[in-house]
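Pasted below: start_4.pdb, PDB, C-alpha atoms, pLDDT in the B column.
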ATOM      1  CA  LEU A   1      16.023  -5.230 -16.699  1.00 95.00           C
ATOM      2  CA  LYS A   2      19.701  -5.809 -16.035  1.00 94.00           C
ATOM      3  CA  SER A   3      18.893  -7.671 -12.812  1.00 95.00           C
ATOM      4  CA  MET A   4      17.311 -10.476 -14.884  1.00 95.00           C
ATOM      5  CA  GLY A   5      20.452 -11.261 -16.825  1.00 95.00           C
ATOM      6  CA  TRP A   6      20.350 -11.537 -20.613  1.00 95.00           C
ATOM      7  CA  ILE A   7      16.766 -11.555 -21.956  1.00 95.00           C
ATOM      8  CA  CYS A   8      16.077 -12.332 -25.611  1.00 96.00           C
ATOM      9  CA  GLY A   9      14.203  -9.282 -26.832  1.00 96.00           C
ATOM     10  CA  GLY A  10      15.042  -7.236 -23.739  1.00 96.00           C
ATOM     11  CA  ALA A  11      12.423  -4.836 -22.382  1.00 97.00           C
ATOM     12  CA  VAL A  12      10.003  -5.570 -25.229  1.00 98.00           C
ATOM     13  CA  SER A  13       9.870  -9.265 -24.322  1.00 97.00           C
ATOM     14  CA  VAL A  14       9.239  -8.476 -20.649  1.00 97.00           C
ATOM     15  CA  ILE A  15       6.364  -6.111 -21.504  1.00 98.00           C
ATOM     16  CA  LEU A  16       4.759  -8.522 -23.965  1.00 98.00           C
ATOM     17  CA  ALA A  17       5.031 -11.379 -21.461  1.00 97.00           C
ATOM     18  CA  LEU A  18       3.241  -9.355 -18.783  1.00 97.00           C
ATOM     19  CA  GLU A  19       0.504  -8.361 -21.225  1.00 98.00           C
ATOM     20  CA  GLU A  20       0.082 -11.932 -22.426  1.00 98.00           C
ATOM     21  CA  ILE A  21      -0.489 -13.100 -18.855  1.00 96.00           C
ATOM     22  CA  LEU A  22      -2.911 -10.267 -18.027  1.00 97.00           C
ATOM     23  CA  THR A  23      -4.763 -10.276 -21.378  1.00 96.00           C
ATOM     24  CA  GLU A  24      -6.717  -7.153 -22.372  1.00 91.00           C
ATOM     25  CA  ASN A  25      -9.186  -7.927 -19.572  1.00 96.00           C
ATOM     26  CA  GLY A  26      -6.417  -7.014 -17.142  1.00 97.00           C
ATOM     27  CA  THR A  27      -4.548  -3.745 -16.722  1.00 98.00           C
ATOM     28  CA  LEU A  28      -0.811  -3.085 -16.611  1.00 98.00           C
ATOM     29  CA  VAL A  29       0.420   0.141 -14.970  1.00 98.00           C
ATOM     30  CA  MET A  30       3.968   1.475 -14.662  1.00 98.00           C
ATOM     31  CA  PRO A  31       5.380   4.679 -13.124  1.00 97.00           C
ATOM     32  CA  THR A  32       6.778   7.007 -15.802  1.00 98.00           C
ATOM     33  CA  HIS A  33       8.066   9.796 -13.587  1.00 97.00           C
ATOM     34  CA  SER A  34      10.122  12.716 -14.904  1.00 96.00           C
ATOM     35  CA  SER A  35      11.752  14.147 -11.794  1.00 92.00           C
ATOM     36  CA  ASP A  36      13.962  16.545 -13.754  1.00 92.00           C
ATOM     37  CA  LEU A  37      10.963  18.821 -14.436  1.00 94.00           C
ATOM     38  CA  THR A  38      11.396  20.408 -11.003  1.00 92.00           C
ATOM     39  CA  ASP A  39      13.282  23.227  -9.311  1.00 92.00           C
ATOM     40  CA  PRO A  40      17.012  22.624 -10.003  1.00 93.00           C
ATOM     41  CA  ALA A  41      17.863  24.238  -6.670  1.00 91.00           C
ATOM     42  CA  ASN A  42      16.621  21.024  -5.040  1.00 88.00           C
ATOM     43  CA  TRP A  43      18.521  18.595  -7.271  1.00 90.00           C
ATOM     44  CA  SER A  44      21.068  16.428  -5.503  1.00 86.00           C
ATOM     45  CA  ASN A  45      21.575  13.393  -7.760  1.00 82.00           C
ATOM     46  CA  PRO A  46      23.423  15.049  -9.376  1.00 87.00           C
ATOM     47  CA  PRO A  47      23.288  18.709  -8.301  1.00 92.00           C
ATOM     48  CA  VAL A  48      23.877  21.465 -10.853  1.00 93.00           C
ATOM     49  CA  PRO A  49      25.781  24.765 -10.378  1.00 95.00           C
ATOM     50  CA  LYS A  50      23.731  27.652  -9.020  1.00 94.00           C
ATOM     51  CA  GLU A  51      24.513  29.752 -12.077  1.00 95.00           C
ATOM     52  CA  TRP A  52      22.594  27.209 -14.185  1.00 94.00           C
ATOM     53  CA  TRP A  53      19.352  27.430 -12.198  1.00 94.00           C
ATOM     54  CA  ASP A  54      17.792  30.408 -13.987  1.00 94.00           C
ATOM     55  CA  ILE A  55      18.672  28.993 -17.415  1.00 95.00           C
ATOM     56  CA  ILE A  56      17.121  25.619 -16.552  1.00 94.00           C
ATOM     57  CA  LYS A  57      14.041  27.310 -15.136  1.00 92.00           C
ATOM     58  CA  LYS A  58      13.623  29.377 -18.311  1.00 93.00           C
ATOM     59  CA  GLU A  59      14.585  26.883 -21.011  1.00 94.00           C
ATOM     60  CA  THR A  60      13.405  23.392 -19.931  1.00 95.00           C
ATOM     61  CA  PRO A  61      10.675  22.269 -22.367  1.00 96.00           C
ATOM     62  CA  PRO A  62       7.210  21.787 -20.837  1.00 96.00           C
ATOM     63  CA  TYR A  63       5.910  18.337 -19.962  1.00 96.00           C
ATOM     64  CA  ASP A  64       4.569  16.461 -22.970  1.00 96.00           C
ATOM     65  CA  LYS A  65       3.097  13.046 -22.188  1.00 95.00           C
ATOM     66  CA  TYR A  66       4.087  11.803 -25.653  1.00 96.00           C
ATOM     67  CA  LEU A  67       7.622  13.211 -25.753  1.00 96.00           C
ATOM     68  CA  THR A  68       8.957  13.727 -22.218  1.00 97.00           C
ATOM     69  CA  PRO A  69      11.205  10.786 -21.269  1.00 97.00           C
ATOM     70  CA  THR A  70      11.185   9.065 -17.913  1.00 97.00           C
ATOM     71  CA  ARG A  71      14.060   9.642 -15.499  1.00 94.00           C
ATOM     72  CA  GLU A  72      15.645   6.835 -13.459  1.00 92.00           C
ATOM     73  CA  MET A  73      12.675   4.538 -14.130  1.00 93.00           C
ATOM     74  CA  GLY A  74      14.621   2.021 -16.189  1.00 94.00           C
ATOM     75  CA  ILE A  75      14.286   0.883 -19.795  1.00 96.00           C
ATOM     76  CA  ILE A  76      11.106  -1.177 -19.210  1.00 97.00           C
ATOM     77  CA  PRO A  77       8.794   1.759 -18.286  1.00 97.00           C
ATOM     78  CA  GLU A  78      10.567   3.971 -20.839  1.00 98.00           C
ATOM     79  CA  THR A  79       9.783   1.408 -23.566  1.00 98.00           C
ATOM     80  CA  PHE A  80       6.279   0.738 -22.263  1.00 98.00           C
ATOM     81  CA  ARG A  81       5.173   4.389 -22.400  1.00 98.00           C
ATOM     82  CA  LYS A  82       5.827   4.454 -26.170  1.00 97.00           C
ATOM     83  CA  GLN A  83       3.814   1.329 -26.982  1.00 98.00           C
ATOM     84  CA  LYS A  84       0.750   1.739 -29.184  1.00 96.00           C
ATOM     85  CA  GLY A  85      -2.366   1.522 -27.054  1.00 96.00           C
ATOM     86  CA  VAL A  86      -0.614   2.691 -23.876  1.00 98.00           C
ATOM     87  CA  LEU A  87      -1.866   5.914 -22.276  1.00 98.00           C
ATOM     88  CA  ARG A  88       0.084   8.241 -19.990  1.00 97.00           C
ATOM     89  CA  SER A  89      -1.264  10.576 -17.310  1.00 96.00           C
ATOM     90  CA  THR A  90      -0.791  14.331 -17.262  1.00 94.00           C
ATOM     91  CA  HIS A  91       1.194  15.072 -14.099  1.00 95.00           C
ATOM     92  CA  PRO A  92       4.507  16.678 -15.185  1.00 96.00           C
ATOM     93  CA  VAL A  93       6.583  14.857 -12.546  1.00 96.00           C
ATOM     94  CA  CYS A  94       4.659  11.805 -11.296  1.00 95.00           C
ATOM     95  CA  SER A  95       2.942  10.447 -14.392  1.00 97.00           C
ATOM     96  CA  PHE A  96       1.912   6.819 -14.871  1.00 97.00           C
ATOM     97  CA  ALA A  97       1.384   4.795 -18.043  1.00 98.00           C
ATOM     98  CA  ALA A  98      -1.311   2.132 -18.412  1.00 98.00           C
ATOM     99  CA  TRP A  99      -2.443  -0.563 -20.857  1.00 98.00           C
ATOM    100  CA  GLY A 100      -5.535  -2.759 -20.811  1.00 97.00           C
ATOM    101  CA  LYS A 101      -9.149  -2.753 -19.667  1.00 97.00           C
ATOM    102  CA  HIS A 102      -9.081  -0.066 -16.958  1.00 97.00           C
ATOM    103  CA  LYS A 103      -6.343   2.176 -18.358  1.00 97.00           C
ATOM    104  CA  LYS A 104      -8.605   5.221 -18.835  1.00 96.00           C
ATOM    105  CA  TYR A 105     -10.041   4.947 -15.341  1.00 96.00           C
ATOM    106  CA  ILE A 106      -6.624   4.463 -13.732  1.00 96.00           C
ATOM    107  CA  LEU A 107      -5.262   7.562 -15.472  1.00 96.00           C
ATOM    108  CA  LYS A 108      -8.345   9.738 -14.922  1.00 91.00           C
ATOM    109  CA  ASP A 109      -6.298  12.277 -13.024  1.00 83.00           C
ATOM    110  CA  LYS A 110      -5.801  15.987 -13.704  1.00 84.00           C
ATOM    111  CA  HIS A 111      -4.726  17.301 -10.288  1.00 89.00           C
ATOM    112  CA  LEU A 112      -1.274  18.730  -9.513  1.00 93.00           C
ATOM    113  CA  ASP A 113      -1.284  19.230  -5.737  1.00 95.00           C
ATOM    114  CA  PHE A 114      -0.271  16.213  -3.631  1.00 95.00           C
ATOM    115  CA  GLN A 115       0.549  14.264  -6.745  1.00 93.00           C
ATOM    116  CA  MET A 116       0.360  10.631  -5.545  1.00 95.00           C
ATOM    117  CA  ASN A 117      -2.594  10.833  -3.168  1.00 95.00           C
ATOM    118  CA  GLU A 118      -5.983   9.059  -3.296  1.00 95.00           C
ATOM    119  CA  LYS A 119      -6.976  10.922  -6.495  1.00 93.00           C
ATOM    120  CA  SER A 120      -3.887   9.732  -8.383  1.00 95.00           C
ATOM    121  CA  PRO A 121      -3.370   6.540 -10.420  1.00 97.00           C
ATOM    122  CA  LEU A 122      -2.045   4.943  -7.211  1.00 97.00           C
ATOM    123  CA  GLY A 123      -5.381   5.714  -5.561  1.00 97.00           C
ATOM    124  CA  ARG A 124      -7.270   4.210  -8.502  1.00 97.00           C
ATOM    125  CA  ILE A 125      -5.213   1.022  -8.267  1.00 98.00           C
ATOM    126  CA  TYR A 126      -6.106   0.904  -4.570  1.00 98.00           C
ATOM    127  CA  GLU A 127      -9.813   1.254  -5.449  1.00 97.00           C
ATOM    128  CA  LYS A 128      -9.530  -1.608  -7.963  1.00 97.00           C
ATOM    129  CA  ASN A 129      -7.688  -3.792  -5.420  1.00 97.00           C
ATOM    130  CA  GLY A 130      -4.714  -4.161  -7.741  1.00 97.00           C
ATOM    131  CA  PHE A 131      -1.377  -5.841  -7.169  1.00 98.00           C
ATOM    132  CA  VAL A 132       2.211  -4.634  -7.015  1.00 98.00           C
ATOM    133  CA  LEU A 133       4.946  -6.536  -8.862  1.00 98.00           C
ATOM    134  CA  LEU A 134       8.478  -5.734  -7.728  1.00 97.00           C
ATOM    135  CA  LEU A 135      10.631  -7.064 -10.550  1.00 96.00           C
ATOM    136  CA  GLY A 136      14.332  -7.025  -9.744  1.00 94.00           C
ATOM    137  CA  VAL A 137      13.971  -4.114  -7.317  1.00 95.00           C
ATOM    138  CA  GLY A 138      13.471  -3.802  -3.552  1.00 95.00           C
ATOM    139  CA  TYR A 139      10.812  -2.177  -1.425  1.00 97.00           C
ATOM    140  CA  ASP A 140      12.776   1.079  -1.571  1.00 96.00           C
ATOM    141  CA  LYS A 141      11.514   1.375  -5.170  1.00 95.00           C
ATOM    142  CA  ASN A 142       7.888   0.646  -4.270  1.00 97.00           C
ATOM    143  CA  THR A 143       5.955   3.737  -5.370  1.00 96.00           C
ATOM    144  CA  SER A 144       2.765   2.617  -3.598  1.00 97.00           C
ATOM    145  CA  PHE A 145       4.308   3.509  -0.231  1.00 97.00           C
ATOM    146  CA  HIS A 146       3.767   7.163  -1.175  1.00 97.00           C
ATOM    147  CA  LEU A 147       0.003   6.617  -1.191  1.00 97.00           C
ATOM    148  CA  ALA A 148       0.306   5.396   2.399  1.00 97.00           C
ATOM    149  CA  GLU A 149       2.243   8.555   3.302  1.00 97.00           C
ATOM    150  CA  TYR A 150      -0.745  10.680   2.308  1.00 97.00           C
ATOM    151  CA  LYS A 151      -3.267   8.487   4.110  1.00 97.00           C
ATOM    152  CA  ALA A 152      -1.298   8.121   7.353  1.00 97.00           C
ATOM    153  CA  LEU A 153      -1.786  10.622  10.184  1.00 96.00           C
ATOM    154  CA  TYR A 154       1.619  11.829  11.354  1.00 94.00           C
ATOM    155  CA  PRO A 155       3.346  15.254  11.208  1.00 93.00           C
ATOM    156  CA  LYS A 156       4.292  16.100   7.605  1.00 94.00           C
ATOM    157  CA  ILE A 157       6.186  18.890   5.903  1.00 94.00           C
ATOM    158  CA  VAL A 158       4.352  20.557   3.000  1.00 95.00           C
ATOM    159  CA  VAL A 159       6.523  22.028   0.243  1.00 94.00           C
ATOM    160  CA  THR A 160       5.863  24.047  -2.920  1.00 94.00           C
ATOM    161  CA  GLU A 161       7.263  22.764  -6.212  1.00 93.00           C
ATOM    162  CA  TYR A 162       6.940  23.950  -9.789  1.00 93.00           C
ATOM    163  CA  SER A 163       7.144  22.350 -13.224  1.00 95.00           C
ATOM    164  CA  PRO A 164       7.026  23.648 -16.807  1.00 96.00           C
ATOM    165  CA  VAL A 165       3.707  22.733 -18.431  1.00 95.00           C
ATOM    166  CA  LYS A 166       1.814  23.721 -21.561  1.00 93.00           C
ATOM    167  CA  ILE A 167      -1.469  25.585 -21.051  1.00 91.00           C
ATOM    168  CA  ARG A 168      -3.492  26.528 -24.135  1.00 90.00           C
ATOM    169  CA  GLY A 169      -0.409  26.012 -26.275  1.00 89.00           C
ATOM    170  CA  LYS A 170       1.907  28.203 -24.174  1.00 93.00           C
ATOM    171  CA  ARG A 171       4.661  27.211 -21.760  1.00 95.00           C
ATOM    172  CA  GLU A 172       4.048  28.158 -18.127  1.00 94.00           C
ATOM    173  CA  LEU A 173       5.684  27.387 -14.789  1.00 93.00           C
ATOM    174  CA  LYS A 174       2.952  25.853 -12.673  1.00 93.00           C
ATOM    175  CA  HIS A 175       3.332  25.810  -8.878  1.00 94.00           C
ATOM    176  CA  TYR A 176       1.770  23.102  -6.728  1.00 95.00           C
ATOM    177  CA  LYS A 177       1.990  21.750  -3.185  1.00 95.00           C
ATOM    178  CA  ASP A 178       3.094  18.351  -1.958  1.00 95.00           C
ATOM    179  CA  ILE A 179       4.354  16.578   1.121  1.00 94.00           C
ATOM    180  CA  LEU A 180       8.046  15.948   1.614  1.00 92.00           C
ATOM    181  CA  TYR A 181       8.463  12.229   1.014  1.00 91.00           C
ATOM    182  CA  LYS A 182      10.496  10.023   3.316  1.00 90.00           C
ATOM    183  CA  SER A 183      11.719   6.733   1.820  1.00 92.00           C
ATOM    184  CA  GLU A 184      14.491   5.731   4.215  1.00 95.00           C
ATOM    185  CA  ASP A 185      12.221   3.291   6.065  1.00 96.00           C
ATOM    186  CA  PHE A 186      10.590   1.645   3.027  1.00 97.00           C
ATOM    187  CA  ASN A 187      12.745  -1.495   3.172  1.00 97.00           C
ATOM    188  CA  ARG A 188      11.988  -1.895   6.873  1.00 97.00           C
ATOM    189  CA  ILE A 189       8.250  -1.506   6.263  1.00 98.00           C
ATOM    190  CA  GLY A 190       8.429  -4.064   3.462  1.00 97.00           C
ATOM    191  CA  LYS A 191      10.212  -6.589   5.668  1.00 97.00           C
ATOM    192  CA  ASP A 192       7.626  -6.177   8.428  1.00 98.00           C
ATOM    193  CA  PHE A 193       4.828  -6.497   5.856  1.00 98.00           C
ATOM    194  CA  GLU A 194       6.233  -9.827   4.654  1.00 97.00           C
ATOM    195  CA  ASN A 195       6.088 -11.150   8.212  1.00 96.00           C
ATOM    196  CA  GLU A 196       2.313 -10.657   8.354  1.00 96.00           C
ATOM    197  CA  PHE A 197       0.962 -10.926   4.802  1.00 97.00           C
ATOM    198  CA  ASN A 198       1.195 -13.237   1.824  1.00 93.00           C
ATOM    199  CA  VAL A 199       3.866 -12.196  -0.661  1.00 97.00           C
ATOM    200  CA  SER A 200       4.373 -14.455  -3.669  1.00 97.00           C
ATOM    201  CA  MET A 201       8.078 -14.739  -4.439  1.00 97.00           C
ATOM    202  CA  GLY A 202      10.017 -16.223  -7.325  1.00 96.00           C
ATOM    203  CA  PHE A 203      12.658 -15.497  -9.923  1.00 96.00           C
ATOM    204  CA  ILE A 204      12.490 -14.235 -13.498  1.00 93.00           C
ATOM    205  CA  GLY A 205      15.917 -15.035 -14.845  1.00 92.00           C
ATOM    206  CA  SER A 206      18.248 -13.988 -12.041  1.00 95.00           C
ATOM    207  CA  ALA A 207      15.915 -11.249 -10.755  1.00 96.00           C
ATOM    208  CA  GLU A 208      13.875 -11.754  -7.602  1.00 97.00           C
ATOM    209  CA  ALA A 209      10.186 -10.971  -8.108  1.00 97.00           C
ATOM    210  CA  LYS A 210       7.578 -10.214  -5.448  1.00 98.00           C
ATOM    211  CA  LEU A 211       3.817  -9.979  -6.018  1.00 98.00           C
ATOM    212  CA  PHE A 212       1.351  -8.762  -3.386  1.00 98.00           C
ATOM    213  CA  SER A 213      -1.873  -6.841  -2.793  1.00 98.00           C
ATOM    214  CA  GLN A 214      -1.399  -3.088  -3.042  1.00 98.00           C
ATOM    215  CA  ARG A 215      -4.347  -2.439  -0.729  1.00 98.00           C
ATOM    216  CA  GLU A 216      -2.967  -4.756   1.966  1.00 98.00           C
ATOM    217  CA  LEU A 217       0.431  -3.088   1.693  1.00 98.00           C
ATOM    218  CA  VAL A 218      -0.964   0.454   1.873  1.00 98.00           C
ATOM    219  CA  ASP A 219      -3.287  -0.289   4.796  1.00 98.00           C
ATOM    220  CA  PHE A 220      -0.456  -1.983   6.701  1.00 98.00           C
ATOM    221  CA  SER A 221       1.933   0.875   5.925  1.00 98.00           C
ATOM    222  CA  VAL A 222      -0.521   3.511   7.145  1.00 98.00           C
ATOM    223  CA  LYS A 223      -0.647   1.851  10.583  1.00 98.00           C
ATOM    224  CA  TRP A 224       3.134   1.307  10.562  1.00 98.00           C
ATOM    225  CA  MET A 225       3.856   4.944   9.744  1.00 97.00           C
ATOM    226  CA  GLU A 226       1.419   6.258  12.324  1.00 97.00           C
ATOM    227  CA  LYS A 227       3.165   4.134  14.956  1.00 97.00           C
ATOM    228  CA  ASN A 228       6.786   4.697  13.948  1.00 96.00           C
ATOM    229  CA  ARG A 229       7.024   8.114  12.291  1.00 93.00           C
ATOM    230  CA  ASN A 230       6.980  11.337  14.263  1.00 82.00           C
TER     231      ASN A 230
END

Take the structure in this file and express it as structure tokens.
Amino acid sequence: LKSMGWICGGAVSVILALEEILTENGTLVMPTHSSDLTDPANWSNPPVPKEWWDIIKKETPPYDKYLTPTREMGIIPETFRKQKGVLRSTHPVCSFAAWGKHKKYILKDKHLDFQMNEKSPLGRIYEKNGFVLLLGVGYDKNTSFHLAEYKALYPKIVVTEYSPVKIRGKRELKHYKDILYKSEDFNRIGKDFENEFNVSMGFIGSAEAKLFSQRELVDFSVKWMEKNRN
């Protein structure tokens, strides 16, 4: 939001403007991730003292799609997830929120392992041939690249993570597997993508905006990763 400059009505105005353009026949989806519901031993931004790890593991409240706030997503997704009529998916770390015609289908996702693969909301957007809007952020913030990481065939590291969840009314630590993401090359992939595909560019206030096909981006990124990652 801050990249746009001063906006009358702030995040609420941005959300309502997007919904007005889409109408209820369209669908608006935003990432609402909560990356602090993970093993504190792996935290680096910021890290926490080792003597805190057991306390955090024992005391962190379980994921609640109505209550758990986003982390480092910005005020727009944090506001959007609370809007009446918006639904939020159930993954304790990589949830998404959606509004509009296909919101239930997009969020029809109960799996924990490999959280942003073809079964996730990202995969559903791919199926629906949706679009990505980068609003005041670069390709390094483009969550759809993670879908390409699952689809691409290159050597990957599989890790085990855990999150506090509520099962039948009781708090439990649920373990699940995922790949180790690599985002250092996202800006490079995005630049190469722009050289070959149509990306609509403009400004909203002082923020640069880019709009493009998610499916085209993912398919291009799969080939790019298979060629350049080892």

### Query
Which polymer residues have any atom within 10 Å of an atom of A:Trp224, counting all atoms listed in the file, with same-chain residues fewer than 5 positions away left out, as number ranges by chain?
A: 148, 152, 189, 192-193, 218-219, 229

### Task
Rank nothing, just name the residue among A:Thr23, A:Glu78, A:Lys58, A:Glu72 nearest to A:Ala11, using all atoms listed in the file.
A:Glu78

### Query
Given the file above and the PyMOL selection byres ((chain A and resi 98) around 12), which residues are selected, and can you give them as number ranges by chain?
A: 15, 19, 24, 26-32, 77, 80-89, 95-97, 99-108, 121-122, 124-125

Export of the given selection (C-alpha atoms) as a JSON list (two decimals), in the coordinates of the input:
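Output contents, as saved in part.json:
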[["chain", "number", "residue", "atom", "x", "y", "z"],
["A", 15, "ILE", "CA", 6.36, -6.11, -21.50],
["A", 19, "GLU", "CA", 0.50, -8.36, -21.22],
["A", 24, "GLU", "CA", -6.72, -7.15, -22.37],
["A", 26, "GLY", "CA", -6.42, -7.01, -17.14],
["A", 27, "THR", "CA", -4.55, -3.74, -16.72],
["A", 28, "LEU", "CA", -0.81, -3.08, -16.61],
["A", 29, "VAL", "CA", 0.42, 0.14, -14.97],
["A", 30, "MET", "CA", 3.97, 1.48, -14.66],
["A", 31, "PRO", "CA", 5.38, 4.68, -13.12],
["A", 32, "THR", "CA", 6.78, 7.01, -15.80],
["A", 77, "PRO", "CA", 8.79, 1.76, -18.29],
["A", 80, "PHE", "CA", 6.28, 0.74, -22.26],
["A", 81, "ARG", "CA", 5.17, 4.39, -22.40],
["A", 82, "LYS", "CA", 5.83, 4.45, -26.17],
["A", 83, "GLN", "CA", 3.81, 1.33, -26.98],
["A", 84, "LYS", "CA", 0.75, 1.74, -29.18],
["A", 85, "GLY", "CA", -2.37, 1.52, -27.05],
["A", 86, "VAL", "CA", -0.61, 2.69, -23.88],
["A", 87, "LEU", "CA", -1.87, 5.91, -22.28],
["A", 88, "ARG", "CA", 0.08, 8.24, -19.99],
["A", 89, "SER", "CA", -1.26, 10.58, -17.31],
["A", 95, "SER", "CA", 2.94, 10.45, -14.39],
["A", 96, "PHE", "CA", 1.91, 6.82, -14.87],
["A", 97, "ALA", "CA", 1.38, 4.80, -18.04],
["A", 99, "TRP", "CA", -2.44, -0.56, -20.86],
["A", 100, "GLY", "CA", -5.54, -2.76, -20.81],
["A", 101, "LYS", "CA", -9.15, -2.75, -19.67],
["A", 102, "HIS", "CA", -9.08, -0.07, -16.96],
["A", 103, "LYS", "CA", -6.34, 2.18, -18.36],
["A", 104, "LYS", "CA", -8.60, 5.22, -18.84],
["A", 105, "TYR", "CA", -10.04, 4.95, -15.34],
["A", 106, "ILE", "CA", -6.62, 4.46, -13.73],
["A", 107, "LEU", "CA", -5.26, 7.56, -15.47],
["A", 108, "LYS", "CA", -8.35, 9.74, -14.92],
["A", 121, "PRO", "CA", -3.37, 6.54, -10.42],
["A", 122, "LEU", "CA", -2.04, 4.94, -7.21],
["A", 124, "ARG", "CA", -7.27, 4.21, -8.50],
["A", 125, "ILE", "CA", -5.21, 1.02, -8.27]]

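In this comparison, which uses all atoms listed in the file, the residue of A:Leu37, A:Leu67, A:Val158, A:Leu211 approaching A:Tyr139 most closely is A:Leu211.
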
## Note on the structure
atom CA of A:Ser213 to atom CA of A:Val132 measures 6.3 Å

### Query
Once the PyMOL selection byres ((chain A and resi 38) around 12) has been applied to the shown file, what residues remain in the selection, as a PyMOL selection string?
chain A and resi 33-37+39-44+53+56-58+60-63+71+91-94+160-165+173-176

### Message
Which residue is closest to A:Ser221? Choose from A:Tyr181, A:Tyr150, A:Phe203, A:Phe145 and count only C-alpha atoms.
### Response
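Using only C-alpha atoms, the shortest distance to A:Ser221 belongs to A:Phe145.
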
### Message
Between atom CA of A:Asn142 and atom CA of A:Leu217, what distance in Å does the model show, to one decimal?
### Response
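Atom-to-atom, atom CA of A:Asn142 and atom CA of A:Leu217 are spaced 10.3 Å apart.
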
### Query
What is the distance between atom CA of A:Ile7 and atom CA of A:Gly205, in Å to one decimal?
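We find that atom CA of A:Ile7 and atom CA of A:Gly205 lie 8.0 Å from each other.
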
#### Entry: Selection dump of the PyMOL selection byres ((chain A and resi 134) around 12), as a ChimeraX atom specification
/A:1,3,30,131-133,135-144,190,199-204,207-214

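With distances taken over all atoms listed in the file, A:Met225 is the one residue among A:Val14, A:Ile75, A:Ile21, A:Met225 lying closest to A:Lys151.
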
### Query
Which polymer residues have any atom within 10 Å of an atom of A:Ile157, counting all atoms listed in the file, with same-chain residues fewer than 5 positions away left out, as a list of chain:residue names?
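Here the answer would be A:Asp178, A:Ile179, A:Leu180, A:Tyr181.
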
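Using only C-alpha atoms for every distance, the candidate list A:Lys166, A:Asn228, A:Glu149, A:Ser120 yields A:Asn228 as the residue closest to A:Arg188.
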
Can you give me N, CA and C atoms for stretch 176-188 of chain A, written as a short mmCIF file (atom, residue, chain, number, x, y, z; two decimals), in the coordinates of the input?
data_model
loop_
_atom_site.label_atom_id
_atom_site.label_comp_id
_atom_site.auth_asym_id
_atom_site.auth_seq_id
_atom_site.Cartn_x
_atom_site.Cartn_y
_atom_site.Cartn_z
N TYR A 176 2.69 24.01 -7.41
CA TYR A 176 1.77 23.10 -6.73
C TYR A 176 2.39 22.67 -5.40
N LYS A 177 1.55 22.17 -4.51
CA LYS A 177 1.99 21.75 -3.18
C LYS A 177 2.08 20.23 -3.09
N ASP A 178 2.96 19.78 -2.21
CA ASP A 178 3.09 18.35 -1.96
C ASP A 178 3.72 18.14 -0.59
N ILE A 179 3.66 16.90 -0.12
CA ILE A 179 4.35 16.58 1.12
C ILE A 179 5.79 16.21 0.80
N LEU A 180 6.66 16.36 1.76
CA LEU A 180 8.05 15.95 1.61
C LEU A 180 8.12 14.46 1.90
N TYR A 181 8.45 13.69 0.88
CA TYR A 181 8.46 12.23 1.01
C TYR A 181 9.64 11.77 1.87
N LYS A 182 9.45 10.62 2.50
CA LYS A 182 10.50 10.02 3.32
C LYS A 182 10.56 8.54 2.95
N SER A 183 11.64 8.12 2.30
CA SER A 183 11.72 6.73 1.82
C SER A 183 12.75 5.88 2.57
N GLU A 184 13.41 6.46 3.55
CA GLU A 184 14.49 5.73 4.22
C GLU A 184 14.01 4.49 4.95
N ASP A 185 12.73 4.44 5.32
CA ASP A 185 12.22 3.29 6.06
C ASP A 185 11.42 2.31 5.20
N PHE A 186 11.40 2.50 3.89
CA PHE A 186 10.59 1.64 3.03
C PHE A 186 11.00 0.18 3.10
N ASN A 187 12.30 -0.10 3.10
CA ASN A 187 12.74 -1.50 3.17
C ASN A 187 12.33 -2.14 4.49
N ARG A 188 12.40 -1.37 5.57
CA ARG A 188 11.99 -1.90 6.87
C ARG A 188 10.49 -2.19 6.89
#
